[in-house]
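S.K.: A single structure is presented below for examination.
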2 protein chains.
Amino acid sequence: MTTDGGPDAYELRVLGHIRSPLTKLSDAPKQGDEGAPDAVLEIDASVGPALAGLAPGDQIVVITWLHLGDRETLAVHPRGDTSRPLTGVFATRSPDRPNPLGLHRCGVLVVDGTRLTVSGLEAVDGTPVVDVKIALGDLGDR
Amino acid sequence: MTTDGGPDAYELRVLGHIRSPLTKLSDAPKQGDEGAPDAVLEIDASVGPALAGLAPGDQIVVITWLHLGDRETLAVHPRGDTSRPLTGVFATRSPDRPNPLGLHRCGVLVVDGTRLTVSGLEAVDGTPVVDVKIALGDLGDR
């Protein structure tokens, strides 16, 4: 697929899971600021040391693997509204896309070992977590 | 590794590559707003239809695979400054992390088929592109 001489794919490791009262996709808001509940990131103990330094009040970006997304979909009606024209998924935030990565900006509420409670995360219970980063902008350059 | 009954890993497909005048990691700024040059996203033709709707002036989030990152690193001195205490990589933006995903917010300058010229992207030439999303906030809910 690639013409760059590099690999065609990489192994994306599951580093933890979302624990959320949202259990059905039909109940989940489309974005975290649209009434999403607080959730817990259950991070695997093997990468627990990567959490060192995170504290309540921090703003983070959580990257998930939206495992219920359809990887073959290349165009959608934005927000499922069929009155809107078909649009390439790269011009949307649809969970259906070749690599169904989810981006979630949220605030850290509680750090309890390898369990982080965060505010307003719209992914359903059991969604794999693949990365966590400090958010930039509000918080400087860490 | 995971205790959720799901897969331990997913196949992250390379969907394109960055073309940039930055060829050495030592020349690359740490963030896109720190003097990064314009770059081209060369998207694979097989996912070209996913670009439909993107236009000059759009703000996007590009997700890359920072292939030069060290996946075994769990803690770093932020920004390589050894006077700063060792910090878990999830509390930083270090490219060294278990899944070395890069997040780059940039503006679309030119769309030419499956080649997108974008402003201020700090990844080096040849970096794999794994996702593109419209940015939220400035641009509504697409």
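In the structure tokens, the first chain shown is A, the next is B, and so on; residue numbers restart at 1 for each chain, and ligands run from 1 in the order shown.
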Could you pull out the residues in segment 27-131 of chain B that DSSP calls strand (DSSP E) from the backbone, as number ranges by chain?
M.R.: B: 39-43, 59-65, 75-76, 87-88, 101-112, 115-118, 128-131
S.K.: Any idea which chain B residues end up within 6 Å of chain A if we count only C-alpha atoms, as number ranges by chain please?
M.R.: B: 8-14, 49-54, 74-75, 78, 87-93, 132-134, 142
S.K.: Those selected residues, please, written with C-alpha atoms and delivered as a PDB file, in the first residue's frame.
M.R.:
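Saved the output as again_7.pdb:
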ATOM      1  CA  ASP B   8      -4.145  -6.979  22.815  1.00  0.00           C
ATOM      2  CA  ALA B   9      -3.327  -4.997  19.678  1.00  0.00           C
ATOM      3  CA  TYR B  10      -4.804  -3.687  16.443  1.00  0.00           C
ATOM      4  CA  GLU B  11      -3.376  -3.277  12.964  1.00  0.00           C
ATOM      5  CA  LEU B  12      -2.730   0.416  12.380  1.00  0.00           C
ATOM      6  CA  ARG B  13      -2.554   0.946   8.625  1.00  0.00           C
ATOM      7  CA  VAL B  14      -0.183   3.438   7.031  1.00  0.00           C
ATOM      8  CA  PRO B  49     -12.116   9.367  -1.299  1.00  0.00           C
ATOM      9  CA  ALA B  50     -11.795  10.023   2.462  1.00  0.00           C
ATOM     10  CA  LEU B  51     -10.370  13.481   1.605  1.00  0.00           C
ATOM     11  CA  ALA B  52     -13.541  14.662  -0.172  1.00  0.00           C
ATOM     12  CA  GLY B  53     -14.749  17.919   1.318  1.00  0.00           C
ATOM     13  CA  LEU B  54     -11.403  19.196   2.638  1.00  0.00           C
ATOM     14  CA  LEU B  74       7.879   5.195  29.892  1.00  0.00           C
ATOM     15  CA  ALA B  75       9.410   8.306  31.505  1.00  0.00           C
ATOM     16  CA  PRO B  78      10.351  16.944  29.515  1.00  0.00           C
ATOM     17  CA  THR B  87       7.989  12.450  34.119  1.00  0.00           C
ATOM     18  CA  GLY B  88       5.727   9.695  32.804  1.00  0.00           C
ATOM     19  CA  VAL B  89       5.385   9.988  29.035  1.00  0.00           C
ATOM     20  CA  PHE B  90       1.574  10.234  29.319  1.00  0.00           C
ATOM     21  CA  ALA B  91       2.126  13.545  31.179  1.00  0.00           C
ATOM     22  CA  THR B  92       4.256  14.860  28.268  1.00  0.00           C
ATOM     23  CA  ARG B  93       4.223  15.153  24.483  1.00  0.00           C
ATOM     24  CA  VAL B 132      -6.830  13.004   9.435  1.00  0.00           C
ATOM     25  CA  LYS B 133      -9.790  14.695  11.152  1.00  0.00           C
ATOM     26  CA  ILE B 134     -11.427  18.068  10.832  1.00  0.00           C
ATOM     27  CA  ARG B 142     -18.530  18.532  10.935  1.00  0.00           C
TER      28      ARG B 142
END
S.K.: In Å, with one decimal, what is the gap from atom CA of Val108 of chain A to atom CA of Pro95 of chain B?
M.R.: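 Between atom CA of Val108 of chain A and atom CA of Pro95 of chain B the gap is 21.6 Å.
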S.K.: Could you tell me, as a list of chain:residue names, which residues of segment 27-139 of chain B DSSP assigns to helix (DSSP H, G or I) when given the backbone?
M.R.: B:Asp27, B:Ala45, B:Ser46, B:Val47, B:Gly48, B:Pro49, B:Ala50, B:Leu51, B:Pro78, B:Arg79, B:Gly80, B:Val89, B:Phe90, B:Ala91
